[in-house]
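Asks: Dropping a structure here in structure tokens format, bear with me for questions.
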Amino acid sequence: MATDWLGSIVSINCGESLGVYQGRVSAVDQVSQTISLTRPFHNGVKCLVPEVTFRAGDITELKILEIPGPGDSRQCGDSQQMDTAMPAVGCQVGPSQNGTGKVLKKPMSSSAPQNIPRRTEMKSQDIVISPQQQCSKSYMDRHMETLSQSKGFRRRHNSWSSSSRHPNQVTPKKSGLKNGQMKSKDDECFGDDIDEIPDTDFDFEGNLALFDKAAVFEEIETYERRSGTRSRGTPNEKPARYRHDENILESEPIVYRRIVVPQNPHKEFCTDSGLVVPSVSYELHKKLLAVAEKHGLTLERRLEMTGVCASQMALSLLGGPNRLNPKNVHQRPTVALLCGPHVKGAQGISCGRHLSNHDVHVILFLPNFVKMLESITNELNLFSKTQGQQVSSVKDLPDTPVDLVINCLDCHENAFLRDQPWYKAVVDWANQNRAPVLSIDPPISEMELGIDAKWSLALGLPLPLGERAGRVYLCDIGIPQKVFQEVGINYHSPFGCKFVIPLHST
């Protein structure tokens, strides 16, 4: 009786210590109570040895996966039973189209050592299954569950191989080489039907905890240090990053306080680069301009330099290249320029001339006086050659808000001008207009400021301006370094590549 099971494909469960083996029975010894399998698979992996032998005491469970037919080790015979009361599964017999009986082998579930026939090798025909030789579906479910657990992974259905297909049904395939090859590959991968899927999931967190990240990085760092290769750095180290205007190689430490004034400054500012710029008193600032004028920096040069820097800042505030280009003629900005009859007003007129040259609509307000300063007369003569508009009455100023208001009404001296009716009328107009205000060289005292500014532009060195001056900017009017030293100021230029820089309160 033992020789009747030779050639059968079986699955032997040897417990947790030895695992599960599948293979074809090659020998059964009743005397020594052993069974041998050829071409064995251990837990779904092919063994390196061609044959393994098991003792009866090591076998926990034995399942028959395929029974060969009489006279043919690759065909199945009638259904039989072993002493273990396991139903024999394997193949089914059905009549062919011409009415003659034909034996067809159809494994219900293929284990690892089985050879799965390709669909391209099967003939396109209808197959009728004999109802007398149907396999037990319950045994198939138990067998597939055993195989899935022994292989250690979960296998899933896809949409086309769902549970609606009967396990005993063979679907005929249409002829065609190209489609047949693609479907045969799909059949090899997804051909098995699985009705039950194990509930045990893979423990990702547990396996990740086994990885010692610190030890691996330490090993890599040690290897690179010994081999002399470039270190990649540990996870805690961050490479130094530099801006586009920073020097990577520093020859000496940076000195941030490079401007020293003889008097204790009332207020200090700093640039974007961190350089400290101290404020100076009005008397020291006036002395600095007088010494520069003595050395050749005349009032006309200073007015021209102030007008260029102020107009450059105003153009940036108006939108710069995004607004001032030939394609945006309909968006021509309007600037209201409020000037008084003094040197500060002459600086504003110079700024208005440069703005008008850059296609900005400038409306200049200057009150009528019998006698004007020579600097104002010269600047007005140049301004009249531009497209700018000059008015002397508040009624001629725009009723609608303008893009920018430039305030040059206030002066460090001549405080009596603030009592004039024209001054009060212009201040009321500017406060009612909702346009932002730029003040050029405003006075120190906050009580003297009739118009609150959003930005203020200082000349050379800043004065200790208050909060009503808004954000302070500093412009370079071309005073040489030795002129600063002559008045007792140790000076190094904080401007860098620019002529106008912002200042921040410290």
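Chain identifiers are assigned as A, B, and so on, following the order in which chains appear in the structure tokens; residues are numbered from 1 within each chain, and ligands are numbered from 1 in order of appearance.
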As a PyMOL selection string, please: all residues of range 386-471 of chain A that backbone DSSP puts in helix (DSSP H, G or I).

Replies: chain A and resi 394-396+415-419+421-432+446-448+467-469

Asks: Taking only C-alpha atoms into account, which of A:Glu374, A:Glu467, A:Asp403, A:Glu252 comes nearest Leu315 in chain A?

Replies: A:Asp403

Asks: Can you tell me which residues surround Gln387 in chain A at a distance of at most 8 Å, considering only C-alpha atoms, apart from same-chain residues fewer than 4 positions away, and format the answer as a PyMOL selection string?

Replies: chain A and resi 356+361-362

Asks: Can those selected residues be exported to a file as a PDB file, in the first residue's frame so that it contains C-alpha atoms?

Replies:
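Produced file out26.pdb, reproduced below:
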```pdb
ATOM      1  CA  SER A 356       9.837 114.829 -14.289  1.00  0.00           C
ATOM      2  CA  HIS A 361       3.766 113.874 -13.395  1.00  0.00           C
ATOM      3  CA  VAL A 362       5.104 116.405 -10.841  1.00  0.00           C
TER       4      VAL A 362
END
```

Asks: Separation of CA of Asp58 in chain A and CA of Cys14 in chain A, in Å?

Replies: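 Value for the CA of Asp58 in chain A-CA of Cys14 in chain A distance: 5.6 Å.
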
Asks: Need to verify the contact set: Asn368 in chain A, 12 Å, only C-alpha atoms, exclusion of same-chain residues closer than 6 positions in sequence. Can you return it as a VMD selection string?

Replies: chain A and resid 339 to 341 390 to 394 422 to 423

Asks: Take the selection from the previous step and output its residues with all heavy atoms, as a JSON list (two decimals), in the first residue's frame.

Replies:
```json
[["chain", "number", "residue", "atom", "x", "y", "z"],
["A", 339, "CYS", "N", 7.19, 122.63, -1.33],
["A", 339, "CYS", "CA", 8.48, 123.25, -1.05],
["A", 339, "CYS", "C", 8.27, 124.61, -0.38],
["A", 339, "CYS", "O", 7.30, 125.32, -0.68],
["A", 339, "CYS", "CB", 9.30, 123.44, -2.33],
["A", 339, "CYS", "SG", 9.70, 121.88, -3.16],
["A", 340, "GLY", "N", 9.21, 124.95, 0.50],
["A", 340, "GLY", "CA", 9.22, 126.26, 1.13],
["A", 340, "GLY", "C", 10.32, 127.13, 0.52],
["A", 340, "GLY", "O", 11.20, 126.64, -0.19],
["A", 341, "PRO", "N", 10.34, 128.43, 0.85],
["A", 341, "PRO", "CA", 11.32, 129.37, 0.28],
["A", 341, "PRO", "C", 12.66, 129.32, 1.01],
["A", 341, "PRO", "O", 13.11, 130.33, 1.58],
["A", 341, "PRO", "CB", 10.63, 130.71, 0.43],
["A", 341, "PRO", "CG", 9.79, 130.56, 1.65],
["A", 341, "PRO", "CD", 9.32, 129.14, 1.67],
["A", 390, "GLN", "N", 3.87, 123.92, -11.95],
["A", 390, "GLN", "CA", 4.15, 124.71, -10.75],
["A", 390, "GLN", "C", 2.90, 125.50, -10.38],
["A", 390, "GLN", "O", 2.28, 126.14, -11.22],
["A", 390, "GLN", "CB", 5.31, 125.68, -11.00],
["A", 390, "GLN", "CG", 5.63, 126.54, -9.80],
["A", 390, "GLN", "CD", 6.75, 127.54, -10.08],
["A", 390, "GLN", "OE1", 7.36, 127.50, -11.14],
["A", 390, "GLN", "NE2", 7.00, 128.43, -9.12],
["A", 391, "VAL", "N", 2.53, 125.42, -9.07],
["A", 391, "VAL", "CA", 1.37, 126.15, -8.55],
["A", 391, "VAL", "C", 1.81, 126.89, -7.30],
["A", 391, "VAL", "O", 2.79, 126.50, -6.63],
["A", 391, "VAL", "CB", 0.20, 125.21, -8.23],
["A", 391, "VAL", "CG1", -0.31, 124.51, -9.49],
["A", 391, "VAL", "CG2", 0.60, 124.19, -7.17],
["A", 392, "SER", "N", 1.07, 127.96, -6.95],
["A", 392, "SER", "CA", 1.38, 128.75, -5.76],
["A", 392, "SER", "C", 0.19, 128.86, -4.82],
["A", 392, "SER", "O", 0.28, 129.54, -3.79],
["A", 392, "SER", "CB", 1.84, 130.16, -6.16],
["A", 392, "SER", "OG", 0.83, 130.80, -6.94],
["A", 393, "SER", "N", -0.91, 128.20, -5.15],
["A", 393, "SER", "CA", -2.11, 128.23, -4.31],
["A", 393, "SER", "C", -2.53, 126.80, -3.99],
["A", 393, "SER", "O", -2.39, 125.89, -4.82],
["A", 393, "SER", "CB", -3.24, 128.97, -5.02],
["A", 393, "SER", "OG", -4.43, 128.93, -4.25],
["A", 394, "VAL", "N", -3.08, 126.64, -2.80],
["A", 394, "VAL", "CA", -3.54, 125.31, -2.39],
["A", 394, "VAL", "C", -4.72, 124.86, -3.23],
["A", 394, "VAL", "O", -4.94, 123.66, -3.45],
["A", 394, "VAL", "CB", -3.90, 125.33, -0.89],
["A", 394, "VAL", "CG1", -4.37, 123.96, -0.42],
["A", 394, "VAL", "CG2", -2.72, 125.80, -0.07],
["A", 422, "TRP", "N", -0.48, 130.28, 4.24],
["A", 422, "TRP", "CA", -0.23, 129.30, 3.18],
["A", 422, "TRP", "C", 0.35, 128.00, 3.73],
["A", 422, "TRP", "O", 0.05, 126.91, 3.23],
["A", 422, "TRP", "CB", 0.70, 129.90, 2.11],
["A", 422, "TRP", "CG", 2.07, 130.27, 2.63],
["A", 422, "TRP", "CD1", 2.45, 131.48, 3.09],
["A", 422, "TRP", "CD2", 3.20, 129.41, 2.76],
["A", 422, "TRP", "NE1", 3.78, 131.47, 3.51],
["A", 422, "TRP", "CE2", 4.25, 130.19, 3.30],
["A", 422, "TRP", "CE3", 3.44, 128.08, 2.47],
["A", 422, "TRP", "CZ2", 5.52, 129.67, 3.57],
["A", 422, "TRP", "CZ3", 4.70, 127.55, 2.74],
["A", 422, "TRP", "CH2", 5.73, 128.35, 3.27],
["A", 423, "TYR", "N", 1.20, 128.11, 4.79],
["A", 423, "TYR", "CA", 1.80, 126.91, 5.38],
["A", 423, "TYR", "C", 0.72, 126.03, 6.04],
["A", 423, "TYR", "O", 0.69, 124.82, 5.84],
["A", 423, "TYR", "CB", 2.86, 127.32, 6.40],
["A", 423, "TYR", "CG", 3.58, 126.14, 7.04],
["A", 423, "TYR", "CD1", 4.72, 125.60, 6.47],
["A", 423, "TYR", "CD2", 3.10, 125.58, 8.22],
["A", 423, "TYR", "CE1", 5.37, 124.53, 7.05],
["A", 423, "TYR", "CE2", 3.74, 124.51, 8.82],
["A", 423, "TYR", "CZ", 4.88, 123.98, 8.22],
["A", 423, "TYR", "OH", 5.51, 122.91, 8.79]]
```

Asks: For range 407-411 of chain A, work out the shell of residues within 8 Å, counting only C-alpha atoms and skipping chain neighbours fewer than 6 positions away, then give it as a PyMOL selection string.

Replies: chain A and resi 337-340+342+344-345+347-348+423+437-443+448-449+451

Asks: Could those residues be written to a file, using C-alpha atoms, as a PDB file, in the first residue's frame?

Replies:
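Contents of again.pdb, freshly written:
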```
ATOM      1  CA  LEU A 337       6.003 118.348  -4.246  1.00  0.00           C
ATOM      2  CA  LEU A 338       5.547 120.807  -1.330  1.00  0.00           C
ATOM      3  CA  CYS A 339       8.481 123.247  -1.048  1.00  0.00           C
ATOM      4  CA  GLY A 340       9.222 126.265   1.129  1.00  0.00           C
ATOM      5  CA  HIS A 342      14.629 128.032   1.687  1.00  0.00           C
ATOM      6  CA  LYS A 344      15.325 122.606   1.830  1.00  0.00           C
ATOM      7  CA  GLY A 345      12.814 123.740  -0.758  1.00  0.00           C
ATOM      8  CA  GLN A 347      16.505 120.391  -2.647  1.00  0.00           C
ATOM      9  CA  GLY A 348      12.888 119.414  -3.307  1.00  0.00           C
ATOM     10  CA  TYR A 423       1.801 126.913   5.381  1.00  0.00           C
ATOM     11  CA  VAL A 437       4.590 111.203   2.587  1.00  0.00           C
ATOM     12  CA  LEU A 438       8.363 111.330   2.029  1.00  0.00           C
ATOM     13  CA  SER A 439      10.228 114.039   3.980  1.00  0.00           C
ATOM     14  CA  ILE A 440      13.632 115.262   2.768  1.00  0.00           C
ATOM     15  CA  ASP A 441      16.027 116.325   5.540  1.00  0.00           C
ATOM     16  CA  PRO A 442      13.315 116.921   8.195  1.00  0.00           C
ATOM     17  CA  PRO A 443      14.040 118.947  11.376  1.00  0.00           C
ATOM     18  CA  GLU A 448       7.987 121.358  14.314  1.00  0.00           C
ATOM     19  CA  LEU A 449       6.650 118.640  12.020  1.00  0.00           C
ATOM     20  CA  ILE A 451       2.938 116.492   8.468  1.00  0.00           C
TER      21      ILE A 451
END
```
